[in-house]
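A.B. asks: upload.cif (mmCIF, C-alpha atoms and all ligand atoms) pasted underneath:
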```
data_structure
loop_
_atom_site.label_atom_id
_atom_site.label_comp_id
_atom_site.auth_asym_id
_atom_site.auth_seq_id
_atom_site.Cartn_x
_atom_site.Cartn_y
_atom_site.Cartn_z
CA MET A 1 0.00 0.00 0.00
CA THR A 2 1.16 3.55 -0.69
CA GLU A 3 0.37 6.46 1.59
CA THR A 4 -2.68 7.29 -0.56
CA GLY A 5 -4.17 3.97 0.42
CA SER A 6 -4.04 2.75 -3.18
CA THR A 7 -2.30 -0.41 -4.23
CA VAL A 8 1.14 0.02 -5.75
CA GLY A 9 0.86 0.38 -9.53
CA GLU A 10 -2.74 1.57 -9.45
CA ALA A 11 -3.05 5.16 -10.72
CA PRO A 12 -4.92 7.59 -8.44
CA LEU A 13 -8.48 8.41 -9.45
CA LEU A 14 -7.59 12.12 -9.58
CA GLU A 15 -4.14 13.56 -10.23
CA VAL A 16 -3.68 17.31 -10.21
CA ASP A 17 -0.34 18.65 -11.31
CA LYS A 18 0.86 22.23 -10.74
CA LEU A 19 -2.47 23.91 -11.34
CA CYS A 20 -2.49 27.70 -11.69
CA PHE A 21 -5.41 30.09 -11.90
CA GLY A 22 -5.76 33.84 -11.44
CA TYR A 23 -8.79 36.14 -11.56
CA GLN A 24 -7.81 39.06 -13.80
CA GLY A 25 -4.20 38.42 -12.95
CA ALA A 26 -4.68 38.06 -9.17
CA ILE A 27 -3.35 34.59 -8.44
CA ALA A 28 -5.86 32.38 -6.59
CA VAL A 29 -4.35 28.93 -7.18
CA ASN A 30 -0.59 28.63 -7.49
CA ASN A 31 1.22 25.44 -8.57
CA LEU A 32 -1.25 23.27 -6.73
CA SER A 33 -0.74 19.52 -6.90
CA LEU A 34 -2.83 16.88 -5.20
CA ARG A 35 -4.19 13.41 -5.69
CA VAL A 36 -7.18 11.38 -4.60
CA ALA A 37 -7.28 7.58 -4.68
CA ARG A 38 -10.37 5.55 -5.45
CA CYS A 39 -12.65 5.43 -2.41
CA GLU A 40 -10.48 7.97 -0.63
CA ALA A 41 -11.72 11.09 1.16
CA ILE A 42 -9.44 14.11 1.42
CA ALA A 43 -9.98 17.54 2.95
CA LEU A 44 -8.90 20.94 1.68
CA LEU A 45 -8.32 23.26 4.61
CA GLY A 46 -7.26 26.86 4.71
CA ALA A 47 -8.26 30.36 5.71
CA ASN A 48 -10.77 32.46 3.80
CA GLY A 49 -9.37 33.36 0.41
CA ALA A 50 -6.79 30.52 0.41
CA GLY A 51 -8.08 29.22 -2.92
CA LYS A 52 -10.19 26.25 -1.81
CA SER A 53 -13.36 27.13 -3.76
CA THR A 54 -11.35 28.08 -6.84
CA THR A 55 -9.65 24.67 -6.68
CA GLY A 56 -13.06 22.97 -6.43
CA LYS A 57 -14.31 24.90 -9.47
CA LEU A 58 -11.17 24.04 -11.48
CA LEU A 59 -11.57 20.35 -10.70
CA ALA A 60 -15.27 20.43 -11.62
CA GLY A 61 -14.57 22.18 -14.94
CA ILE A 62 -16.43 25.36 -13.95
CA LEU A 63 -13.16 27.28 -14.33
CA GLN A 64 -10.38 26.32 -16.71
CA PRO A 65 -6.80 26.20 -15.40
CA GLN A 66 -4.32 28.62 -16.94
CA GLN A 67 -1.46 26.19 -16.32
CA GLY A 68 -1.07 22.67 -15.04
CA ALA A 69 -2.86 19.40 -15.69
CA ILE A 70 -5.79 17.39 -14.33
CA ARG A 71 -6.04 13.65 -14.91
CA PHE A 72 -9.14 11.75 -13.90
CA ALA A 73 -9.49 7.97 -14.17
CA GLY A 74 -6.48 7.90 -16.47
CA GLU A 75 -7.79 10.56 -18.86
CA ASP A 76 -6.46 14.08 -19.42
CA VAL A 77 -9.47 16.24 -18.45
CA THR A 78 -7.56 19.52 -18.01
CA ALA A 79 -9.60 21.52 -20.51
CA PHE A 80 -12.95 19.81 -19.91
CA ALA A 81 -16.03 21.93 -19.19
CA SER A 82 -18.30 21.09 -16.25
CA SER A 83 -20.83 19.09 -18.30
CA ARG A 84 -18.08 16.75 -19.47
CA MET A 85 -16.71 16.45 -15.93
CA VAL A 86 -20.18 15.50 -14.65
CA ASP A 87 -20.32 12.84 -17.37
CA ARG A 88 -16.95 11.48 -16.23
CA GLY A 89 -18.24 11.34 -12.65
CA VAL A 90 -16.95 14.53 -11.02
CA THR A 91 -19.64 16.58 -9.27
CA LEU A 92 -19.32 19.76 -7.22
CA VAL A 93 -21.82 20.69 -4.52
CA PRO A 94 -21.05 24.40 -4.36
CA GLU A 95 -20.67 26.60 -1.33
CA GLY A 96 -24.04 28.12 -0.38
CA ARG A 97 -26.00 25.01 -1.52
CA HIS A 98 -27.90 26.75 -4.36
CA VAL A 99 -30.95 24.52 -4.35
CA PHE A 100 -33.72 25.66 -6.70
CA PRO A 101 -36.07 27.22 -4.12
CA ARG A 102 -39.23 27.20 -6.26
CA LEU A 103 -38.82 23.58 -7.30
CA SER A 104 -39.86 20.68 -5.13
CA VAL A 105 -37.22 18.55 -3.43
CA LEU A 106 -37.86 15.76 -5.94
CA GLU A 107 -37.51 18.18 -8.87
CA ASN A 108 -34.20 19.34 -7.41
CA LEU A 109 -33.02 15.73 -7.31
CA GLN A 110 -34.15 15.26 -10.92
CA MET A 111 -32.07 18.30 -11.92
CA GLY A 112 -29.04 16.51 -10.49
CA ALA A 113 -29.63 13.59 -12.86
CA TYR A 114 -29.79 15.64 -16.07
CA ALA A 115 -26.56 14.29 -17.57
CA ALA A 116 -26.32 10.90 -19.28
CA ARG A 117 -24.59 9.30 -16.33
CA GLY A 118 -27.30 10.26 -13.85
CA LYS A 119 -30.13 9.44 -16.27
CA ALA A 120 -28.80 5.95 -16.87
CA ARG A 121 -28.98 5.05 -13.17
CA TYR A 122 -31.82 7.32 -12.08
CA ALA A 123 -33.97 4.77 -10.24
CA GLU A 124 -31.06 3.17 -8.38
CA ASN A 125 -29.60 6.53 -7.41
CA LEU A 126 -32.95 7.85 -6.20
CA ALA A 127 -33.43 4.76 -4.04
CA ARG A 128 -29.90 5.13 -2.65
CA VAL A 129 -30.37 8.82 -1.92
CA PHE A 130 -33.71 8.21 -0.18
CA GLU A 131 -32.10 5.50 1.94
CA LEU A 132 -29.20 7.78 2.90
CA PHE A 133 -31.43 10.80 3.51
CA PRO A 134 -34.82 9.64 4.85
CA ARG A 135 -35.73 13.23 5.62
CA VAL A 136 -35.26 14.19 1.97
CA ALA A 137 -37.54 11.30 1.01
CA GLU A 138 -40.22 12.45 3.47
CA ARG A 139 -40.06 15.99 2.13
CA GLN A 140 -39.84 15.21 -1.57
CA ARG A 141 -43.02 17.10 -2.48
CA GLN A 142 -42.10 20.19 -0.47
CA LEU A 143 -40.64 23.30 -2.12
CA ALA A 144 -36.89 23.23 -1.50
CA GLY A 145 -36.92 26.93 -0.57
CA SER A 146 -39.22 26.25 2.39
CA MET A 147 -36.74 23.91 4.10
CA SER A 148 -34.21 24.79 6.82
CA GLY A 149 -30.57 25.48 5.95
CA GLY A 150 -29.51 22.02 7.10
CA GLU A 151 -32.27 20.33 5.12
CA GLN A 152 -31.34 22.34 2.03
CA GLN A 153 -27.73 21.21 2.44
CA MET A 154 -28.93 17.61 2.44
CA VAL A 155 -30.97 18.27 -0.70
CA ALA A 156 -27.87 19.80 -2.31
CA ILE A 157 -25.73 16.75 -1.45
CA ALA A 158 -28.53 14.38 -2.51
CA ARG A 159 -28.83 16.28 -5.81
CA GLY A 160 -25.06 15.87 -6.29
CA LEU A 161 -25.33 12.12 -5.70
CA MET A 162 -28.08 11.89 -8.33
CA SER A 163 -25.40 12.55 -10.97
CA ASP A 164 -23.81 9.23 -9.91
CA PRO A 165 -20.39 10.71 -9.08
CA GLN A 166 -17.16 8.78 -8.65
CA LEU A 167 -15.73 11.91 -7.04
CA LEU A 168 -17.89 14.27 -5.03
CA ILE A 169 -16.58 17.72 -4.10
CA LEU A 170 -18.37 19.33 -1.16
CA ASP A 171 -17.59 23.02 -0.67
CA GLU A 172 -18.20 24.16 2.92
CA PRO A 173 -21.21 21.92 3.60
CA SER A 174 -21.39 22.78 7.31
CA LEU A 175 -21.16 26.55 6.88
CA GLY A 176 -23.94 28.38 8.73
CA LEU A 177 -25.57 25.26 10.16
CA MET A 178 -26.61 24.86 13.78
CA PRO A 179 -24.24 22.62 15.82
CA LYS A 180 -26.75 19.78 16.04
CA MET A 181 -27.23 19.86 12.28
CA VAL A 182 -23.45 19.86 11.79
CA ASP A 183 -23.23 16.59 13.80
CA HIS A 184 -25.95 15.09 11.65
CA LEU A 185 -24.29 16.29 8.44
CA PHE A 186 -20.95 14.68 9.28
CA GLU A 187 -22.72 11.45 10.15
CA LEU A 188 -24.34 11.56 6.71
CA ILE A 189 -21.03 12.31 4.99
CA GLY A 190 -19.65 9.18 6.70
CA LYS A 191 -22.55 7.16 5.27
CA VAL A 192 -22.03 8.61 1.80
CA LEU A 193 -18.38 7.51 1.99
CA GLU A 194 -19.47 3.95 2.79
CA THR A 195 -21.13 3.83 -0.65
CA GLY A 196 -17.64 3.94 -2.22
CA VAL A 197 -17.63 7.47 -3.62
CA SER A 198 -14.38 9.45 -3.38
CA LEU A 199 -14.60 12.81 -1.67
CA ILE A 200 -12.92 16.21 -1.61
CA LEU A 201 -14.23 18.02 1.42
CA VAL A 202 -13.64 21.77 1.70
CA GLU A 203 -14.30 22.72 5.30
CA GLN A 204 -13.95 25.57 7.77
CA ASN A 205 -14.60 23.01 10.46
CA ALA A 206 -11.13 21.47 10.28
CA TYR A 207 -11.58 19.28 13.31
CA ARG A 208 -14.67 17.54 11.99
CA ALA A 209 -13.21 17.30 8.50
CA LEU A 210 -10.02 15.63 9.75
CA GLU A 211 -12.10 13.06 11.58
CA VAL A 212 -13.82 11.80 8.41
CA VAL A 213 -11.05 12.02 5.79
CA GLN A 214 -7.96 9.89 5.28
CA ARG A 215 -5.71 12.75 4.19
CA ALA A 216 -5.77 16.53 4.01
CA TYR A 217 -4.07 19.42 2.29
CA VAL A 218 -3.68 22.85 3.86
CA LEU A 219 -3.77 25.73 1.37
CA GLU A 220 -2.25 29.16 1.88
CA LYS A 221 -2.42 31.76 -0.88
CA GLY A 222 -3.32 29.13 -3.42
CA GLN A 223 -0.45 26.81 -2.51
CA VAL A 224 -0.31 23.57 -0.60
CA THR A 225 1.77 24.21 2.52
CA ILE A 226 0.99 21.12 4.60
CA GLU A 227 -0.10 17.67 3.48
CA GLY A 228 -0.66 14.60 5.58
CA ALA A 229 -2.87 11.94 7.05
CA GLY A 230 -6.00 13.29 8.77
CA ARG A 231 -4.98 12.00 12.17
CA GLU A 232 -1.42 13.34 11.86
CA LEU A 233 -2.72 16.80 11.02
CA LEU A 234 -4.88 16.81 14.12
CA SER A 235 -1.61 16.85 16.07
CA ASN A 236 0.30 19.15 13.70
CA GLU A 237 1.28 22.31 15.58
CA THR A 238 0.47 24.78 12.76
CA VAL A 239 -2.84 23.12 12.01
CA ARG A 240 -3.77 23.08 15.69
CA LYS A 241 -2.98 26.76 16.10
CA SER A 242 -4.40 28.03 12.82
CA PHE A 243 -7.46 25.88 12.32
CA LEU A 244 -8.33 24.05 15.50
CA GLY A 245 -7.97 26.93 17.94
CA LEU A 246 -5.83 24.74 20.24
N1 LIG B 301 -15.00 35.65 -8.85
C1 LIG B 301 -13.86 36.15 -8.37
N2 LIG B 301 -13.31 37.28 -8.91
C2 LIG B 301 -12.14 37.77 -8.45
N3 LIG B 301 -11.45 37.25 -7.43
C3 LIG B 301 -11.96 36.13 -6.85
C4 LIG B 301 -13.18 35.53 -7.28
N4 LIG B 301 -13.43 34.44 -6.52
C5 LIG B 301 -12.40 34.36 -5.64
N5 LIG B 301 -11.51 35.38 -5.83
C6 LIG B 301 -10.27 35.59 -5.08
O1 LIG B 301 -9.45 34.44 -5.24
C7 LIG B 301 -8.82 34.09 -4.02
C8 LIG B 301 -9.23 32.67 -3.63
O2 LIG B 301 -10.62 32.65 -3.34
P1 LIG B 301 -11.42 31.32 -3.02
O3 LIG B 301 -10.99 30.27 -3.96
O4 LIG B 301 -12.85 31.67 -2.99
O5 LIG B 301 -10.87 30.97 -1.56
P2 LIG B 301 -11.52 30.12 -0.38
O6 LIG B 301 -12.59 29.25 -0.95
O7 LIG B 301 -10.36 29.35 0.18
O8 LIG B 301 -12.05 31.10 0.61
C9 LIG B 301 -9.23 35.15 -3.02
O9 LIG B 301 -8.23 36.13 -3.01
C10 LIG B 301 -10.51 35.70 -3.59
O10 LIG B 301 -10.71 37.04 -3.21
MG MG B 302 -14.59 29.08 -0.46
#
```
The structure given in the file should be rewritten as structure tokens.
C.D. replies:
Amino acid sequence: MTETGSTVGEAPLLEVDKLCFGYQGAIAVNNLSLRVARCEAIALLGANGAGKSTTGKLLAGILQPQQGAIRFAGEDVTAFASSRMVDRGVTLVPEGRHVFPRLSVLENLQMGAYAARGKARYAENLARVFELFPRVAERQRQLAGSMSGGEQQMVAIARGLMSDPQLLILDEPSLGLMPKMVDHLFELIGKVLETGVSLILVEQNAYRALEVVQRAYVLEKGQVTIEGAGRELLSNETVRKSFLGL
């Protein structure tokens, strides 16, 4: 076994090599390299403005890198747009959830299955999502906009799963939720991981994130400054001071 948890010789599911991106010249992601193995969960940690969301958007094809390369499942996907990334099995659940408030919960889930991949396995994915999120199943006829923040986050994750991802990217899923809801959310993320999906978790809540992931990367000014196993980082001095308040 290598440190990624993958067997020697097996290529990582996602390989990101020296990615660069700037907004009108202001560098947001700088020479960023990372990898995710099949069935592995990693966290991206870092202060506000460190480049976490930009990285998520680059990996999901919402933004195109200005330099560097992205390989997914052995294919060069560097220049792929988001629709092609969804078809390959990479889905981003963006920061701020963005459910369609005037559509029902079920209609939101259907929107997640619009691409070929999700359409092909619609019934199975809906059953899986309802099993993982019983509350979403109960509320399927309700307008998504009428649900609480925590419930909307579940709808957003469930909608992401409806695209049948191999790699799910969750950007700040616990942001703004009440503590009890945060507990519930992390429990659910654990259950989602048991289904075999790989995960990139962007989190402010470093402590909770490091408990559910195998490895994590700390970003500062668009660069990876610390990388390690989740448990190791919980005892890393810089991580403890900067992100855990210890
Ligand atoms: N749409 C945008 N236009 C211009 N600058 C942006 C935009 N989005 C993010 N930035 C800048 O890029 C940097 C990285 O932002 P972001 O990726 O959102 O960081 P994080 O998610 O870690 O808070 C920050 O300096 C931020 O101000
Ligand atoms: Mg962000």
A.B. asks: Identify, counting all atoms listed in the file, the protein, DNA and RNA residues located within 9 Å of ligand LIG 301 (chain B), and give them as a ChimeraX atom specification.
C.D. replies: /A:21-24,26-29,44-57,95,171-172,202,219-222
A.B. asks: CA of Glu203 in chain A and CA of Ala81 in chain A are how many Å apart?
C.D. replies: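 It comes out at 24.6 Å.
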A.B. asks: What's around range 190-195 of chain A at 9 Å? Count only C-alpha atoms, leave out sequence neighbours fewer than 2 positions away in its own chain, and write the answer as an mmCIF file with C-alpha atoms, keeping the file's coordinate frame.
C.D. replies:
```cif
data_model
loop_
_atom_site.group_PDB
_atom_site.id
_atom_site.type_symbol
_atom_site.label_atom_id
_atom_site.label_comp_id
_atom_site.auth_asym_id
_atom_site.auth_seq_id
_atom_site.Cartn_x
_atom_site.Cartn_y
_atom_site.Cartn_z
ATOM 1 C CA CYS A 39 -12.650 5.430 -2.410
ATOM 2 C CA GLU A 40 -10.480 7.970 -0.630
ATOM 3 C CA ALA A 41 -11.720 11.090 1.160
ATOM 4 C CA LEU A 132 -29.200 7.780 2.900
ATOM 5 C CA LEU A 161 -25.330 12.120 -5.700
ATOM 6 C CA LEU A 185 -24.290 16.290 8.440
ATOM 7 C CA PHE A 186 -20.950 14.680 9.280
ATOM 8 C CA GLU A 187 -22.720 11.450 10.150
ATOM 9 C CA LEU A 188 -24.340 11.560 6.710
ATOM 10 C CA VAL A 197 -17.630 7.470 -3.620
ATOM 11 C CA SER A 198 -14.380 9.450 -3.380
ATOM 12 C CA LEU A 199 -14.600 12.810 -1.670
ATOM 13 C CA VAL A 212 -13.820 11.800 8.410
#
```
A.B. asks: Taking 2 positions as the minimum chain separation for residues in the same chain, which residues sit within 8 Å of Tyr207 in chain A when counting only C-alpha atoms? Answer as a list in words.
C.D. replies: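 Listed by chain and then number, they are Asn205, Ala209, Leu210, Glu211, Leu234, Phe243 and Leu244 of chain A.
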A.B. asks: With distances taken over only C-alpha atoms, which residue among A:Glu131, A:Glu107, A:Asp164, A:Glu15 lies nearest Leu143 in chain A?
C.D. replies: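 Comparing A:Glu131, A:Glu107, A:Asp164, A:Glu15 against Leu143 in chain A, the winner is A:Glu107.
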A.B. asks: Could you check how far CA of Gly145 in chain A sits from CA of Val105 in chain A, in Å to one decimal?
C.D. replies: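 According to the coordinates, CA of Gly145 in chain A and CA of Val105 in chain A are separated by 8.9 Å.
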A.B. asks: Rounded to one decimal place, report the CA of Thr238 in chain A-CA of Leu58 in chain A distance in Å.
C.D. replies: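 One can read the CA of Thr238 in chain A to CA of Leu58 in chain A distance as 26.9 Å.
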A.B. asks: Nearest to Ala156 in chain A: which of A:Tyr122, A:Phe133, A:Phe72, A:Tyr114 is it, counting only C-alpha atoms?
C.D. replies: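 Closest to Ala156 in chain A of all the choices is A:Phe133.
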A.B. asks: Leu13 in chain A: which residues within 9 Å, counting all atoms listed in the file, same-chain residues fewer than 5 positions away excluded, as a list in words?
C.D. replies: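 Neighbouring residues, sequence-local ones excluded: Arg35, Val36, Ala37, Arg38, Cys39, Arg71, Phe72, Ala73, Gly74, Gln166, Leu167 and Ser198 of chain A.
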A.B. asks: Scan for residues within 10 Å of the point (-0.2, 17.0, -5.7) in the coordinates of the file, using all atoms listed in the file, and reply as a list in words.
C.D. replies: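 Final list of nearby residues, as requested, is Leu14, Glu15, Val16, Asp17, Lys18, Leu19, Asn31, Leu32, Ser33, Leu34, Arg35, Val36, Tyr217, Val224 and Glu227 of chain A.
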A.B. asks: Compare A:Pro94, A:Met162, A:Gly25, A:Arg128 by their minimum atom-to-atom distance to Asn108 in chain A, counting only C-alpha atoms, and give me the closest one.
C.D. replies: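 Answer, going by the shortest atom-to-atom distance: A:Met162.
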A.B. asks: Could you check the closest approach to Arg139 in chain A for each of A:Gln152, A:Thr91, A:Ser242, A:Ser83 and tell me which residue wins, using all atoms listed in the file?
C.D. replies: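 Among A:Gln152, A:Thr91, A:Ser242, A:Ser83, it is A:Gln152 that comes nearest to Arg139 in chain A.
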A.B. asks: Taking all atoms listed in the file into account, name the residue in A:Pro12, A:Gly89, A:Gly96, A:Pro165 that is nearest to ligand MG 302 (chain B).
C.D. replies: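 Smallest separation from ligand MG 302 (chain B) among the options: A:Gly96.
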A.B. asks: Go through A:Gln153, A:Ser174, A:Gln204, A:Ser148 and flag the residue nearest ligand MG 302 (chain B), using all atoms listed in the file for the distances.
C.D. replies: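 Among the listed residues, the smallest separation from ligand MG 302 (chain B) belongs to A:Gln204.
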A.B. asks: Residues within 8 Å of Ala60 in chain A, please, as a list in words. Count all atoms listed in the file; anything in the same chain fewer than 6 positions from it doesn't count.
C.D. replies: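 Contacts, with the query itself left out: Ala81, Ser82, Met85, Val86, Val90, Thr91 and Leu92 of chain A.
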A.B. asks: Output C-alpha atoms of each residue in that selection to a file, as a PDB file, in the frame of the given file.
C.D. replies:
```pdb
ATOM      1  CA  ALA A  81     -16.030  21.930 -19.190  1.00  0.00           C
ATOM      2  CA  SER A  82     -18.300  21.090 -16.250  1.00  0.00           C
ATOM      3  CA  MET A  85     -16.710  16.450 -15.930  1.00  0.00           C
ATOM      4  CA  VAL A  86     -20.180  15.500 -14.650  1.00  0.00           C
ATOM      5  CA  VAL A  90     -16.950  14.530 -11.020  1.00  0.00           C
ATOM      6  CA  THR A  91     -19.640  16.580  -9.270  1.00  0.00           C
ATOM      7  CA  LEU A  92     -19.320  19.760  -7.220  1.00  0.00           C
TER       8      LEU A  92
END
```
